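Undergrad: So that we are looking at the same thing, I have put the structure below in structure tokens.
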Amino acid sequence: MEEIGIMCYINGELRTGSNGLEYDSGPVKCIRVPKRIKYAEFHARLCKSLKVDRRREYLTIICRCPSTINNSTHYSPVAVADDEDLYSMLQHASAQGPGFILEIYLHRHALHDESLSRVQSHNTLDPIPENIFMESPTSRRQYDQLSSHVAGEASASLRPYSPITDSEAPGEDIGDGEDIPDLNVDPHFNIEVDDDDIIEAPEEDLFAEYVPNPFYTDVNIAGARAVNPVIVPNAQWELHNEFYNGMLFSTKAELKNTIKYWHIMNHVTFVVVESKKDTWDIRCKLHEQGCKWRLRGHFSKKFEKFQITKLDVAHSCVYSGMTQDHYNLDKGIIAEYIKNTINEDPTTPGAVLLTMIKDHFHYSPSLSKIFKAKKKAINLVFGNWEESYNELPRYLNALCVTNPGTRFEWKVNPTNHPGQVIFQRVFWTFGPSIEAFHHCRPVLQIDGTFLCGKYTGKLLVATGVDGNNSLVPVAFAVVEEENTDSWGWFLSLIRMHVTQRVGICLISDRHAGIIAAASDPRNGWTEPYGYHRFCVRHIASNFHKTHKNMKAKNLLIHTASQTQKRKFDKYFKKFVQLDSEYAAWIGRIPLEQWALAHDGGHRFDFMTTNLGECMNNVLKGARQVPITALVRLTFYRCVKYFVEHRAYINAQLGAGNQYTTDTIEKIQNWAERAGGHELRQFHTGLGIIEIKTQFRGWQARKGGNQHTVRLNERTCTCNKPQQYILPCSYVIAACASMHLNYTDFIGEWYKLRNQELVYTPQFNPVMHDDYWPEFQFPHVVPDMSKLRKKGRPKTHRFHNEMDITESSRQLRCGLCRQEGHNRKNCPNITRY
């Protein structure tokens, strides 16, 4: 990184010589800084190098800027007080070449320098009351003390261009003669000013030839008044700064938060004496013990901002000391601090937020306060809950305008108030998601999850599957409850707005509402238009709840996952032999709805609704925010999902791949097995081949099976080509024997070009809400019967035996094959 050398003259005196500004220097120190350094870091480096205590002192930085006049170098003083000044200075130095050394003048000022506590105008105005000003650092457009160092010479501006407007001619009063506070703030502040108050400099080089403004030839710069009042942003407030009479804040909330933050970080507490719409009066909590700290803020009609109008300070203020919590660390301050975290992840646990508060404020508020602050932060970030319901119709309409093909449907209840309705349900699906599902496999997983915000309800999600076994979000709905009516409404709208494809496999849990809705011909999911299948994990969970037999449960899952009917019969016989009641229990569920071997090739080997539940987990944060924010989050997460997958597929295509990565792994695995099969051809024209597998595995317990492949019919007795629409190892071996290309047996869904079509549809940004088109819709209010009761809402479902992981199963020794230990501590092995 390019660095620039800077010669620092410290606490010397300035004078005007034949070539302009000259130094009568004190101590000299040379430093090197990066070309792209920011002002805050630059100022901090100077303070550290000079050992300046920033709590008691500040630095005035003036650059000795060279310019060429009549082939001679002339030096002018230029103030360096912000990023713009520093950038211009370093750019100029860089342009001079690698050997150029900058020269700057640094003067250390005490924060209680009496020379800064009172200033006068350049004319005969009355002195400004001293309680208006505080002793504080210089900043941009602040002209400070230079003339006091230039003996007997006319002082010049510290910046090449004057901040005084044409209307403020020399000798005239600035403003209306009223007191205007000094623009003295810390250099680290980003000072906020109104657009009308900003005076643009000419678009010229900052270090161009400098001609002093005539206004400054006869004026004492140390007595010049600032044109604009300071507005202190509370987020930039630093602990070593002090409050002063006349300080301005944009709002009352900004005034309160800044003062609260200062008290918390300095371990001082205060109480409110008076709080009104235009007044805020506080005093130290230890006021009765002699502490005289008191501050009063009042709305100023002159500046249309809040101004500190009374400030009583006692430097002997007694500190409250460290305790577990702070009196003024309320939910508002915490909400302001954590709102960026909540914006990124609304599901951030309270324990994580508590750790953040401890690290920053060094106090440990209660989890109850953290939870209240989190709710407030959600309102700050995502808006008001009640207003969100009324905003949703306009937002959904804006989505339809900007993203063609997007559809939404409402169901509301009337009220006794004309033009007002009560929210009941809403359905939405994005245009790109609809188009993407046309290129996905004919499988749709549906699931519902509860909302955990201010109002109860359920979020229904329909998820498709692409050729790489990745989920594709298809449709969403917020309903009052999961029942036959709500599920029927959701499924019928999917048929109406998303797809009319015949033969789609609908996979779900065994919720009574889903079963009834899918069985209703009016909803469009009865055979042959749709095939309803159950999640095997949920079936096994229901079985375990009744019979409490983990071994039987695992055997049931293993039986249901078999692709071959002979293997299914083998394991099913073992299952029913465990208990005669098991056959009666499982017999109440149609065989094709849970057994893969009897499915008919509709499942594509998807035995569970795991992908749908993964989507619920992705949308977990959206379940805690107001409803419009929920819809907005589903939109942006779909956008991000499409962008990431589009980039991944383009990378795969660029690498020369023709099939999805999951397909390539399966084909490579089966191709390796195909080399060891024994083949017998029975009919070359029909492609009938008998294949026998070799024995393999430990003690050769696997293999030796016999299968029949019919290439013309694209079938195999292993049933995998029918289930996956992929060539199994037997089909690959048969194709090799007949000199055929087995890739012809790979379904279109698994090709990268088809995968590319899934994520080609483009989402478009939604315009600013000021540009949303008008949408005639009644005023929507939430259903107050769905208002959540007091208490901490549940955000996680209750875990059951479905959540038992592999690591929690009984250990099995790899040497003696017994359970309860491993090979390291096997008691059956003699150790020497």
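If you're wondering about the labels, chains in the structure tokens are A, B, ... by order shown, residues count from 1 in each chain, ligands from 1 in order shown.
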Do a neighbour search on stretch 468-475 of chain A at 8 Å with only C-alpha atoms, toss out local chain neighbours closer than 2 positions, and write the hits as a ChimeraX atom specification.
TA: /A:427-430,433-434,436-437,461-466,477,494,498,611-612,615,638,660-663,750,755
Undergrad: How many Å separate atom CA of A:Lys720 from atom CA of A:Lys551?
TA: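 Distance between the two atoms: 26.9 Å.
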Undergrad: Give the strand (DSSP E or B) residues of stretch 291-405 of chain A, as assigned by DSSP on the backbone, as JSON, numbers by chain.
TA: {"A": [294, 295, 296, 297, 298, 299, 300, 305, 306, 307, 308, 309, 310, 311, 312]}
Undergrad: Which residues come within 12 Å of A:His544, counting only C-alpha atoms, excluding same-chain residues fewer than 3 positions away, as a list in words?
TA: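 Residues meeting the cut-off are Arg537, His538, Ile539, Ala540, Ser541, His547, Lys548, Asn549, Met550, Lys551, Ala552, Lys553, Asn554, Leu555, Leu556, Ile557, Tyr582, Trp585, Ile586, Asn800, Glu801 and Met802 of chain A.
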Undergrad: Those residues with N, CA, C and O atoms, as a PDB file, in the first residue's frame please?
TA:
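In the end it all went to out-v7.pdb:
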```pdb
ATOM      1  N   ARG A 537     -41.216 -40.526   8.089  1.00  0.00           N
ATOM      2  CA  ARG A 537     -40.781 -40.144   9.421  1.00  0.00           C
ATOM      3  C   ARG A 537     -41.977 -39.854  10.324  1.00  0.00           C
ATOM      4  O   ARG A 537     -41.977 -40.206  11.505  1.00  0.00           O
ATOM      5  N   HIS A 538     -42.982 -39.200   9.782  1.00  0.00           N
ATOM      6  CA  HIS A 538     -44.165 -38.893  10.584  1.00  0.00           C
ATOM      7  C   HIS A 538     -44.982 -40.159  10.873  1.00  0.00           C
ATOM      8  O   HIS A 538     -45.564 -40.302  11.953  1.00  0.00           O
ATOM      9  N   ILE A 539     -45.037 -41.074   9.899  1.00  0.00           N
ATOM     10  CA  ILE A 539     -45.728 -42.341  10.144  1.00  0.00           C
ATOM     11  C   ILE A 539     -45.027 -43.106  11.263  1.00  0.00           C
ATOM     12  O   ILE A 539     -45.674 -43.635  12.187  1.00  0.00           O
ATOM     13  N   ALA A 540     -43.709 -43.158  11.196  1.00  0.00           N
ATOM     14  CA  ALA A 540     -42.945 -43.862  12.234  1.00  0.00           C
ATOM     15  C   ALA A 540     -43.104 -43.187  13.584  1.00  0.00           C
ATOM     16  O   ALA A 540     -43.178 -43.856  14.626  1.00  0.00           O
ATOM     17  N   SER A 541     -43.187 -41.866  13.593  1.00  0.00           N
ATOM     18  CA  SER A 541     -43.378 -41.146  14.858  1.00  0.00           C
ATOM     19  C   SER A 541     -44.739 -41.469  15.460  1.00  0.00           C
ATOM     20  O   SER A 541     -44.867 -41.702  16.667  1.00  0.00           O
ATOM     21  N   HIS A 547     -46.994 -47.455  20.256  1.00  0.00           N
ATOM     22  CA  HIS A 547     -46.447 -48.753  20.654  1.00  0.00           C
ATOM     23  C   HIS A 547     -45.139 -48.665  21.430  1.00  0.00           C
ATOM     24  O   HIS A 547     -44.714 -49.680  22.007  1.00  0.00           O
ATOM     25  N   LYS A 548     -44.462 -47.518  21.423  1.00  0.00           N
ATOM     26  CA  LYS A 548     -43.257 -47.321  22.235  1.00  0.00           C
ATOM     27  C   LYS A 548     -42.215 -48.422  22.008  1.00  0.00           C
ATOM     28  O   LYS A 548     -41.681 -49.015  22.941  1.00  0.00           O
ATOM     29  N   ASN A 549     -41.920 -48.689  20.744  1.00  0.00           N
ATOM     30  CA  ASN A 549     -40.932 -49.704  20.413  1.00  0.00           C
ATOM     31  C   ASN A 549     -39.987 -49.122  19.364  1.00  0.00           C
ATOM     32  O   ASN A 549     -40.339 -49.016  18.189  1.00  0.00           O
ATOM     33  N   MET A 550     -38.782 -48.715  19.797  1.00  0.00           N
ATOM     34  CA  MET A 550     -37.838 -48.078  18.897  1.00  0.00           C
ATOM     35  C   MET A 550     -37.330 -49.047  17.831  1.00  0.00           C
ATOM     36  O   MET A 550     -37.123 -48.662  16.674  1.00  0.00           O
ATOM     37  N   LYS A 551     -37.132 -50.300  18.199  1.00  0.00           N
ATOM     38  CA  LYS A 551     -36.664 -51.278  17.222  1.00  0.00           C
ATOM     39  C   LYS A 551     -37.697 -51.479  16.117  1.00  0.00           C
ATOM     40  O   LYS A 551     -37.342 -51.515  14.921  1.00  0.00           O
ATOM     41  N   ALA A 552     -38.960 -51.593  16.496  1.00  0.00           N
ATOM     42  CA  ALA A 552     -40.012 -51.754  15.492  1.00  0.00           C
ATOM     43  C   ALA A 552     -40.134 -50.499  14.634  1.00  0.00           C
ATOM     44  O   ALA A 552     -40.399 -50.578  13.425  1.00  0.00           O
ATOM     45  N   LYS A 553     -39.956 -49.336  15.247  1.00  0.00           N
ATOM     46  CA  LYS A 553     -40.035 -48.086  14.484  1.00  0.00           C
ATOM     47  C   LYS A 553     -38.956 -48.041  13.403  1.00  0.00           C
ATOM     48  O   LYS A 553     -39.229 -47.712  12.235  1.00  0.00           O
ATOM     49  N   ASN A 554     -37.704 -48.352  13.764  1.00  0.00           N
ATOM     50  CA  ASN A 554     -36.615 -48.336  12.790  1.00  0.00           C
ATOM     51  C   ASN A 554     -36.825 -49.382  11.701  1.00  0.00           C
ATOM     52  O   ASN A 554     -36.510 -49.145  10.529  1.00  0.00           O
ATOM     53  N   LEU A 555     -37.370 -50.532  12.073  1.00  0.00           N
ATOM     54  CA  LEU A 555     -37.642 -51.574  11.075  1.00  0.00           C
ATOM     55  C   LEU A 555     -38.747 -51.128  10.123  1.00  0.00           C
ATOM     56  O   LEU A 555     -38.707 -51.429   8.921  1.00  0.00           O
ATOM     57  N   LEU A 556     -39.715 -50.370  10.622  1.00  0.00           N
ATOM     58  CA  LEU A 556     -40.780 -49.856   9.762  1.00  0.00           C
ATOM     59  C   LEU A 556     -40.222 -48.893   8.723  1.00  0.00           C
ATOM     60  O   LEU A 556     -40.604 -48.939   7.536  1.00  0.00           O
ATOM     61  N   ILE A 557     -39.320 -47.990   9.146  1.00  0.00           N
ATOM     62  CA  ILE A 557     -38.710 -47.050   8.202  1.00  0.00           C
ATOM     63  C   ILE A 557     -37.901 -47.800   7.158  1.00  0.00           C
ATOM     64  O   ILE A 557     -37.952 -47.483   5.958  1.00  0.00           O
ATOM     65  N   TYR A 582     -49.046 -54.796  15.144  1.00  0.00           N
ATOM     66  CA  TYR A 582     -48.371 -53.884  14.234  1.00  0.00           C
ATOM     67  C   TYR A 582     -48.983 -53.947  12.840  1.00  0.00           C
ATOM     68  O   TYR A 582     -49.137 -52.922  12.165  1.00  0.00           O
ATOM     69  N   TRP A 585     -52.193 -52.015  12.773  1.00  0.00           N
ATOM     70  CA  TRP A 585     -51.993 -50.552  12.828  1.00  0.00           C
ATOM     71  C   TRP A 585     -51.563 -50.001  11.481  1.00  0.00           C
ATOM     72  O   TRP A 585     -52.135 -49.038  10.987  1.00  0.00           O
ATOM     73  N   ILE A 586     -50.551 -50.607  10.857  1.00  0.00           N
ATOM     74  CA  ILE A 586     -50.051 -50.104   9.588  1.00  0.00           C
ATOM     75  C   ILE A 586     -51.017 -50.421   8.455  1.00  0.00           C
ATOM     76  O   ILE A 586     -51.020 -49.736   7.407  1.00  0.00           O
ATOM     77  N   ASN A 800     -39.307 -34.785  19.540  1.00  0.00           N
ATOM     78  CA  ASN A 800     -39.731 -36.145  19.871  1.00  0.00           C
ATOM     79  C   ASN A 800     -38.695 -37.119  19.330  1.00  0.00           C
ATOM     80  O   ASN A 800     -37.582 -36.725  18.991  1.00  0.00           O
ATOM     81  N   GLU A 801     -39.059 -38.377  19.198  1.00  0.00           N
ATOM     82  CA  GLU A 801     -38.076 -39.377  18.795  1.00  0.00           C
ATOM     83  C   GLU A 801     -37.613 -39.171  17.352  1.00  0.00           C
ATOM     84  O   GLU A 801     -36.591 -39.714  16.942  1.00  0.00           O
ATOM     85  N   MET A 802     -38.360 -38.363  16.538  1.00  0.00           N
ATOM     86  CA  MET A 802     -37.886 -38.086  15.183  1.00  0.00           C
ATOM     87  C   MET A 802     -36.584 -37.305  15.194  1.00  0.00           C
ATOM     88  O   MET A 802     -35.847 -37.297  14.213  1.00  0.00           O
TER      89      MET A 802
END
```
Undergrad: Per DSSP on the backbone, what are the alpha helix (DSSP H) residues of stretch 268-475 of chain A, as a PyMOL selection string?
TA: chain A and resi 331-344+350-361+367-382+385-402+431-437
Undergrad: Return the single residue from A:Asn719, A:Gly12, A:Pro66, A:Pro34 that is closest to A:Leu106, with distances computed using only C-alpha atoms.
TA: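 Closest candidate: A:Gly12.
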Undergrad: What does the distance from atom CA of A:Ile667 to atom CA of A:Cys735 come to in Å, to one decimal?
TA: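 Here the two named atoms are 13.4 Å from each other.
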Undergrad: Could you pull the residues within 9 Å of A:Asn379, counting only C-alpha atoms, minus those fewer than 6 positions along the same chain, as a list in words?
TA: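 So the residues in contact are Trp385, Val625 and Pro626 of chain A.
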Undergrad: Write the residues of the preceding selection, restricted to all heavy atoms, as a PDB file, in the first residue's frame.
TA:
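Printed below is again.pdb as written:
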```pdb
ATOM      1  N   TRP A 385     -47.098  -3.541  13.882  1.00  0.00           N
ATOM      2  CA  TRP A 385     -47.846  -4.759  13.540  1.00  0.00           C
ATOM      3  C   TRP A 385     -49.189  -4.433  12.920  1.00  0.00           C
ATOM      4  O   TRP A 385     -49.571  -5.009  11.899  1.00  0.00           O
ATOM      5  CB  TRP A 385     -48.035  -5.619  14.794  1.00  0.00           C
ATOM      6  CG  TRP A 385     -46.797  -6.336  15.203  1.00  0.00           C
ATOM      7  CD1 TRP A 385     -45.794  -5.867  16.005  1.00  0.00           C
ATOM      8  CD2 TRP A 385     -46.396  -7.653  14.816  1.00  0.00           C
ATOM      9  NE1 TRP A 385     -44.804  -6.801  16.143  1.00  0.00           N
ATOM     10  CE2 TRP A 385     -45.144  -7.915  15.430  1.00  0.00           C
ATOM     11  CE3 TRP A 385     -46.970  -8.638  14.024  1.00  0.00           C
ATOM     12  CZ2 TRP A 385     -44.471  -9.114  15.264  1.00  0.00           C
ATOM     13  CZ3 TRP A 385     -46.304  -9.842  13.860  1.00  0.00           C
ATOM     14  CH2 TRP A 385     -45.072 -10.076  14.471  1.00  0.00           C
ATOM     15  N   VAL A 625     -41.855 -11.533  12.564  1.00  0.00           N
ATOM     16  CA  VAL A 625     -41.968 -10.132  12.168  1.00  0.00           C
ATOM     17  C   VAL A 625     -43.385  -9.858  11.680  1.00  0.00           C
ATOM     18  O   VAL A 625     -44.156 -10.786  11.389  1.00  0.00           O
ATOM     19  CB  VAL A 625     -40.941  -9.812  11.068  1.00  0.00           C
ATOM     20  CG1 VAL A 625     -39.526 -10.052  11.568  1.00  0.00           C
ATOM     21  CG2 VAL A 625     -41.197 -10.635   9.815  1.00  0.00           C
ATOM     22  N   PRO A 626     -43.781  -8.572  11.575  1.00  0.00           N
ATOM     23  CA  PRO A 626     -45.111  -8.233  11.054  1.00  0.00           C
ATOM     24  C   PRO A 626     -45.335  -8.814   9.669  1.00  0.00           C
ATOM     25  O   PRO A 626     -44.396  -9.131   8.936  1.00  0.00           O
ATOM     26  CB  PRO A 626     -45.085  -6.694  11.032  1.00  0.00           C
ATOM     27  CG  PRO A 626     -44.117  -6.326  12.097  1.00  0.00           C
ATOM     28  CD  PRO A 626     -43.059  -7.390  12.071  1.00  0.00           C
TER      29      PRO A 626
END
```
Undergrad: Of the candidates A:Asn657, A:Gln307, A:Thr743, A:Thr609, which one gets nearest to A:Arg510 if we count only C-alpha atoms?
TA: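 Looking at the shortest contact to A:Arg510, the residue is A:Thr609.
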